[in-house]
Amino acid sequence: MTDTAGSVTAAALRDRLAAGDPVTLLDVRNRDDVDRWRIEGPSVDRHHVPYMKFVAAGATGGAADLVPANAREPIVVVCPRGEASAEVAAGLAAAGVDAENLAGGMDAWARLLGRSPVPAEGGDATVYQYHRPASGCLGYAVVAGGEMAVIDPLRAFVDRYRADAADLGATITYAVDTHVHADHVSGVRALSAATDATPVLSASAVGRGVVGTFDMVRDGDVLDVGGASVAAVALPGHTTGMTGFRIGGTLLTGDSLFLDAVARPDLQEDADPAVQARELYATLTERLGAFGDDVLVAPGHTDAGVGDDTPAVARLGDLRGRLPLFGTDESTFVDRVTRAGAEPANAARIAAVNRGVETVDDETAFELELGPNNCAAGGV
């Protein structure tokens, strides 16, 4: 027991989750906000009690009575920006409950971006994986010969990429999107404007009516990053323009193949999901069939907790062995992935922003993408 509430940073909470440590969260936001997005993880024990109930209970000294009986201490209290939760945590601590406040709240959680090195798999570059725990979004930096390419950058973290490049002694020469994203606002345009990096997108993605000037890549094209080869690999299905990149023995699969699922085929505004699903099936069974089991898959999303030393990667052979899709016929596969469930929040508007047909300010962009990415198909 304690009579003083402590606090935990978003980074420290992420590390607990990445280590699989049990974490009890007491969310005091409104139910709609909790349902829209929350901190996820297999070791998380979540409880919800609205802040106003604690305000009312505080007047009678009954705050501790609101804590569910099965909530294991210590308890991390969560709110939008860490202010209401600090008040609740202090009240609980005064009542003898071991409680901590998530400093900065969900806003701090959403602004957290980790970076971890991907194991060397040949080639002449060092690859780093970026992980945003608030959404499970993964991006990458490829560094070689004093140059850096950022693949699938997030607009909210443009300054972070610039700082990392300086720390690594590199100049950002390419800002690359694997496809037109529907779950987060792309940082390609902003990063290119801030660094003079060349913006890159596949020719098929540009063909969707993307506004702006991009260097277009096609299957087999190679970007030279400080003497290292970053080869484009067409992996359509999630979108018509979905393109992965191979660096030595590592394959950045974007939104095609994840570690526990495959991408959904229904987020492109002008495409038939069933047709896209058949393309995705061909990608996973034929196009990826050209790659050996030892290839290291580095995906565009993960649901797993990822710390700064634990990138989300797996061997292609391991995925072939454990994901049902590799033993599923095409018609069954199409039926399953076209029943994908809820879309990412604001998917159509985010895609419009990423295509350049709608413009939003930084704060609006940040608010649009809050929530789970929901880019994986269920049932496969």
# chains A, B, ... in the order shown; residues from 1 in each chain; ligands from 1

$ closest_atom_pairs --of "segment 227-340 of chain A" --to "segment 111-124 of chain A" --cutoff "9 Å" --atoms "only C-alpha atoms" --output "CSV"
residue,atom,partner,partner_atom,distance
A:Gly227,CA,A:Asp124,CA,7.5
A:Ala228,CA,A:Asp124,CA,5.2
A:Ser229,CA,A:Gly123,CA,7.6
A:Ile247,CA,A:Gly123,CA,6.2
A:Gly248,CA,A:Gly123,CA,4.1
A:Gly249,CA,A:Glu121,CA,4.7
A:Thr250,CA,A:Glu121,CA,6.0
A:Val295,CA,A:Glu121,CA,8.3
A:Leu296,CA,A:Glu121,CA,7.6
A:Ala298,CA,A:Val118,CA,8.4
A:Val306,CA,A:Gly114,CA,8.1
A:Gly307,CA,A:Gly114,CA,7.0
A:Asp308,CA,A:Ser116,CA,4.7
A:Asp309,CA,A:Ser116,CA,5.2
A:Thr310,CA,A:Ser116,CA,6.5
A:Pro311,CA,A:Ser116,CA,5.7
A:Ala312,CA,A:Val118,CA,8.6
A:Val313,CA,A:Val118,CA,7.8

$ write_last_selection --atoms "N, CA and C atoms" --output "PDB file, in the first residue's frame"
ATOM      1  N   GLY A 227      24.953   3.653 -51.498  1.00  0.00           N
ATOM      2  CA  GLY A 227      25.610   2.477 -52.072  1.00  0.00           C
ATOM      3  C   GLY A 227      24.898   1.173 -51.791  1.00  0.00           C
ATOM      4  N   ALA A 228      23.892   1.191 -50.920  1.00  0.00           N
ATOM      5  CA  ALA A 228      23.104  -0.013 -50.635  1.00  0.00           C
ATOM      6  C   ALA A 228      21.888  -0.053 -51.535  1.00  0.00           C
ATOM      7  N   SER A 229      21.486  -1.254 -51.921  1.00  0.00           N
ATOM      8  CA  SER A 229      20.346  -1.431 -52.820  1.00  0.00           C
ATOM      9  C   SER A 229      19.063  -1.673 -52.028  1.00  0.00           C
ATOM     10  N   ILE A 247      16.001  -5.380 -48.721  1.00  0.00           N
ATOM     11  CA  ILE A 247      17.347  -4.923 -48.409  1.00  0.00           C
ATOM     12  C   ILE A 247      18.128  -6.143 -47.948  1.00  0.00           C
ATOM     13  N   GLY A 248      18.993  -6.670 -48.796  1.00  0.00           N
ATOM     14  CA  GLY A 248      19.693  -7.901 -48.456  1.00  0.00           C
ATOM     15  C   GLY A 248      18.697  -9.018 -48.215  1.00  0.00           C
ATOM     16  N   GLY A 249      18.788  -9.670 -47.057  1.00  0.00           N
ATOM     17  CA  GLY A 249      17.878 -10.761 -46.734  1.00  0.00           C
ATOM     18  C   GLY A 249      16.651 -10.339 -45.961  1.00  0.00           C
ATOM     19  N   THR A 250      16.392  -9.034 -45.888  1.00  0.00           N
ATOM     20  CA  THR A 250      15.212  -8.520 -45.185  1.00  0.00           C
ATOM     21  C   THR A 250      14.202  -7.998 -46.196  1.00  0.00           C
ATOM     22  N   VAL A 295      14.197 -15.659 -45.539  1.00  0.00           N
ATOM     23  CA  VAL A 295      13.987 -14.213 -45.658  1.00  0.00           C
ATOM     24  C   VAL A 295      13.323 -13.688 -44.392  1.00  0.00           C
ATOM     25  N   LEU A 296      13.845 -12.567 -43.902  1.00  0.00           N
ATOM     26  CA  LEU A 296      13.298 -11.962 -42.693  1.00  0.00           C
ATOM     27  C   LEU A 296      12.190 -10.992 -43.074  1.00  0.00           C
ATOM     28  N   ALA A 298       9.699  -8.083 -42.312  1.00  0.00           N
ATOM     29  CA  ALA A 298       9.527  -6.917 -41.447  1.00  0.00           C
ATOM     30  C   ALA A 298       8.253  -6.203 -41.920  1.00  0.00           C
ATOM     31  N   VAL A 306       6.254  -4.018 -28.593  1.00  0.00           N
ATOM     32  CA  VAL A 306       7.592  -3.925 -29.160  1.00  0.00           C
ATOM     33  C   VAL A 306       8.397  -2.916 -28.347  1.00  0.00           C
ATOM     34  N   GLY A 307       9.531  -3.351 -27.802  1.00  0.00           N
ATOM     35  CA  GLY A 307      10.423  -2.451 -27.097  1.00  0.00           C
ATOM     36  C   GLY A 307      11.523  -1.968 -28.022  1.00  0.00           C
ATOM     37  N   ASP A 308      12.393  -1.098 -27.492  1.00  0.00           N
ATOM     38  CA  ASP A 308      13.440  -0.531 -28.323  1.00  0.00           C
ATOM     39  C   ASP A 308      14.483  -1.554 -28.754  1.00  0.00           C
ATOM     40  N   ASP A 309      14.504  -2.715 -28.118  1.00  0.00           N
ATOM     41  CA  ASP A 309      15.472  -3.750 -28.499  1.00  0.00           C
ATOM     42  C   ASP A 309      14.804  -4.992 -29.082  1.00  0.00           C
ATOM     43  N   THR A 310      13.512  -4.915 -29.355  1.00  0.00           N
ATOM     44  CA  THR A 310      12.778  -6.111 -29.794  1.00  0.00           C
ATOM     45  C   THR A 310      11.923  -5.799 -31.011  1.00  0.00           C
ATOM     46  N   PRO A 311      12.505  -5.770 -32.201  1.00  0.00           N
ATOM     47  CA  PRO A 311      11.704  -5.488 -33.385  1.00  0.00           C
ATOM     48  C   PRO A 311      10.707  -6.601 -33.678  1.00  0.00           C
ATOM     49  N   ALA A 312       9.632  -6.246 -34.344  1.00  0.00           N
ATOM     50  CA  ALA A 312       8.614  -7.220 -34.746  1.00  0.00           C
ATOM     51  C   ALA A 312       8.992  -7.767 -36.119  1.00  0.00           C
ATOM     52  N   VAL A 313       9.655  -8.904 -36.145  1.00  0.00           N
ATOM     53  CA  VAL A 313      10.100  -9.546 -37.388  1.00  0.00           C
ATOM     54  C   VAL A 313       9.953 -11.052 -37.232  1.00  0.00           C
TER      55      VAL A 313
END

$ select_by_dssp --residues "segment 103-338 of chain A" --states "helix (DSSP H, G or I)" --output "PDB file with C-alpha atoms, in the first residue's frame"
ATOM      1  CA  GLY A 105      -2.174  10.358 -20.727  1.00  0.00           C
ATOM      2  CA  MET A 106      -3.261   8.953 -24.066  1.00  0.00           C
ATOM      3  CA  ASP A 107      -1.837  12.009 -25.802  1.00  0.00           C
ATOM      4  CA  ALA A 108       1.652  11.017 -24.633  1.00  0.00           C
ATOM      5  CA  TRP A 109       0.952   7.411 -25.629  1.00  0.00           C
ATOM      6  CA  ALA A 110       0.028   8.536 -29.142  1.00  0.00           C
ATOM      7  CA  ARG A 155       3.585  12.901 -40.385  1.00  0.00           C
ATOM      8  CA  ALA A 156       3.455  13.334 -36.603  1.00  0.00           C
ATOM      9  CA  PHE A 157       7.121  12.322 -36.278  1.00  0.00           C
ATOM     10  CA  VAL A 158       8.923  14.245 -39.022  1.00  0.00           C
ATOM     11  CA  ASP A 159      11.131  16.019 -36.467  1.00  0.00           C
ATOM     12  CA  ARG A 160      11.994  12.659 -34.890  1.00  0.00           C
ATOM     13  CA  TYR A 161      13.254  11.237 -38.204  1.00  0.00           C
ATOM     14  CA  ARG A 162      15.378  14.336 -38.756  1.00  0.00           C
ATOM     15  CA  ALA A 163      16.862  14.053 -35.270  1.00  0.00           C
ATOM     16  CA  ASP A 164      17.604  10.364 -35.738  1.00  0.00           C
ATOM     17  CA  ALA A 165      19.320  11.033 -39.060  1.00  0.00           C
ATOM     18  CA  ALA A 166      21.539  13.622 -37.384  1.00  0.00           C
ATOM     19  CA  ASP A 167      22.282  11.191 -34.554  1.00  0.00           C
ATOM     20  CA  VAL A 188       6.347  11.582 -47.016  1.00  0.00           C
ATOM     21  CA  ARG A 189       5.389  15.070 -48.222  1.00  0.00           C
ATOM     22  CA  ALA A 190       6.291  16.784 -44.936  1.00  0.00           C
ATOM     23  CA  LEU A 191       9.591  14.940 -44.585  1.00  0.00           C
ATOM     24  CA  SER A 192      10.515  15.672 -48.173  1.00  0.00           C
ATOM     25  CA  ALA A 193       9.731  19.368 -47.685  1.00  0.00           C
ATOM     26  CA  ALA A 194      11.770  19.513 -44.481  1.00  0.00           C
ATOM     27  CA  THR A 195      14.857  17.703 -45.800  1.00  0.00           C
ATOM     28  CA  ALA A 203       3.577   4.015 -60.144  1.00  0.00           C
ATOM     29  CA  SER A 204       0.357   2.107 -59.467  1.00  0.00           C
ATOM     30  CA  ALA A 205      -0.290   4.147 -56.317  1.00  0.00           C
ATOM     31  CA  VAL A 206       0.324   7.425 -58.131  1.00  0.00           C
ATOM     32  CA  PRO A 273     -12.499  -6.086 -52.515  1.00  0.00           C
ATOM     33  CA  ALA A 274     -12.980  -9.532 -54.062  1.00  0.00           C
ATOM     34  CA  VAL A 275     -10.655  -8.682 -56.957  1.00  0.00           C
ATOM     35  CA  GLN A 276      -8.152  -7.240 -54.504  1.00  0.00           C
ATOM     36  CA  ALA A 277      -8.406 -10.371 -52.346  1.00  0.00           C
ATOM     37  CA  ARG A 278      -7.481 -12.535 -55.320  1.00  0.00           C
ATOM     38  CA  GLU A 279      -4.501 -10.281 -55.982  1.00  0.00           C
ATOM     39  CA  LEU A 280      -3.498 -10.611 -52.336  1.00  0.00           C
ATOM     40  CA  TYR A 281      -3.759 -14.389 -52.555  1.00  0.00           C
ATOM     41  CA  ALA A 282      -1.456 -14.343 -55.591  1.00  0.00           C
ATOM     42  CA  THR A 283       0.949 -12.063 -53.730  1.00  0.00           C
ATOM     43  CA  LEU A 284       1.141 -14.337 -50.708  1.00  0.00           C
ATOM     44  CA  THR A 285       1.359 -17.618 -52.569  1.00  0.00           C
ATOM     45  CA  GLU A 286       3.072 -16.744 -55.863  1.00  0.00           C
ATOM     46  CA  ARG A 287       4.981 -13.489 -55.561  1.00  0.00           C
ATOM     47  CA  LEU A 288       6.276 -14.337 -52.106  1.00  0.00           C
ATOM     48  CA  GLY A 289       6.756 -17.892 -53.336  1.00  0.00           C
ATOM     49  CA  ALA A 290       9.879 -16.625 -55.072  1.00  0.00           C
ATOM     50  CA  LEU A 316       9.059 -16.190 -43.926  1.00  0.00           C
ATOM     51  CA  GLY A 317       9.314 -19.941 -43.399  1.00  0.00           C
ATOM     52  CA  ASP A 318       7.935 -19.596 -39.869  1.00  0.00           C
ATOM     53  CA  LEU A 319       4.987 -17.595 -41.181  1.00  0.00           C
ATOM     54  CA  ARG A 320       4.354 -20.183 -43.871  1.00  0.00           C
ATOM     55  CA  GLY A 321       4.233 -22.808 -41.160  1.00  0.00           C
ATOM     56  CA  ARG A 322       1.894 -21.068 -38.737  1.00  0.00           C
ATOM     57  CA  PRO A 324      -3.498 -20.866 -42.179  1.00  0.00           C
ATOM     58  CA  LEU A 325      -3.532 -18.898 -45.422  1.00  0.00           C
ATOM     59  CA  PHE A 326      -0.616 -20.881 -46.803  1.00  0.00           C
ATOM     60  CA  GLY A 327      -2.784 -24.011 -46.793  1.00  0.00           C
ATOM     61  CA  GLU A 330      -8.218 -19.188 -53.167  1.00  0.00           C
ATOM     62  CA  SER A 331     -12.015 -19.180 -52.827  1.00  0.00           C
ATOM     63  CA  THR A 332     -11.877 -19.831 -49.077  1.00  0.00           C
ATOM     64  CA  PHE A 333      -9.205 -17.177 -48.679  1.00  0.00           C
ATOM     65  CA  VAL A 334     -11.250 -14.574 -50.584  1.00  0.00           C
ATOM     66  CA  ASP A 335     -14.335 -15.336 -48.536  1.00  0.00           C
ATOM     67  CA  ARG A 336     -12.470 -14.902 -45.262  1.00  0.00           C
ATOM     68  CA  VAL A 337     -10.483 -11.752 -45.966  1.00  0.00           C
TER      69      VAL A 337
END

$ closest_residue --among "A:Asp329, A:Asp255, A:Asp361, A:Asp221" --to "Met242 of chain A" --atoms "only C-alpha atoms"
A:Asp255

$ atom_distance --atom1 "atom CA of Gly244 of chain A" --atom2 "atom CA of His179 of chain A"
8.9 Å

$ atom_distance --atom1 "atom CA of Leu13 of chain A" --atom2 "atom CA of Glu367 of chain A"
21.9 Å

$ atom_distance --atom1 "atom CA of Val127 of chain A" --atom2 "atom CA of His181 of chain A"
21.6 Å

$ select_by_dssp --residues "segment 129-374 of chain A" --states "strand (DSSP E)" --output "PyMOL selection string"
chain A and resi 129-132+137-144+147-151+171-176+198-202+215-217+222-225+228-234+243-247+250-254+296-299+314-315

$ residues_around --residues "segment 345-360 of chain A" --least-positions-apart "6" --cutoff "10 Å" --atoms "only C-alpha atoms" --output "ChimeraX atom specification"
/A:36-37,177,179-189,205-206,208-212,267-269,366-374

$ write_last_selection --atoms "C-alpha atoms" --output "compact mmCIF listing (two decimals), in the first residue's frame"
# COMPACT_ATOMS: atom_id res chain seq x y z
CA ARG A 36 -12.66 4.21 -29.95
CA TRP A 37 -9.07 3.44 -28.93
CA ASP A 177 5.48 5.11 -48.87
CA HIS A 179 1.20 2.42 -50.59
CA VAL A 180 -1.54 5.00 -50.06
CA HIS A 181 -2.30 4.46 -46.38
CA ALA A 182 -5.82 4.57 -44.94
CA ASP A 183 -4.97 4.25 -41.23
CA HIS A 184 -2.43 7.03 -40.65
CA VAL A 185 -1.39 10.30 -42.23
CA SER A 186 1.73 9.88 -44.34
CA GLY A 187 4.83 11.88 -43.55
CA VAL A 188 6.35 11.58 -47.02
CA ARG A 189 5.39 15.07 -48.22
CA ALA A 205 -0.29 4.15 -56.32
CA VAL A 206 0.32 7.42 -58.13
CA ARG A 208 -4.94 6.44 -58.08
CA GLY A 209 -5.06 10.20 -58.61
CA VAL A 210 -2.32 11.10 -56.17
CA VAL A 211 -1.57 14.82 -56.25
CA GLY A 212 2.06 15.92 -56.22
CA LEU A 267 -9.69 0.01 -48.06
CA GLN A 268 -9.09 1.32 -51.59
CA GLU A 269 -11.87 3.63 -52.69
CA PHE A 366 -2.92 13.79 -35.48
CA GLU A 367 -6.52 13.54 -34.31
CA LEU A 368 -7.69 11.76 -37.48
CA GLU A 369 -5.40 8.78 -37.03
CA LEU A 370 -5.97 8.11 -33.32
CA GLY A 371 -7.26 4.61 -32.84
CA PRO A 372 -6.42 1.02 -33.82
CA ASN A 373 -5.10 0.60 -37.36
CA ASN A 374 -7.51 -2.27 -38.22
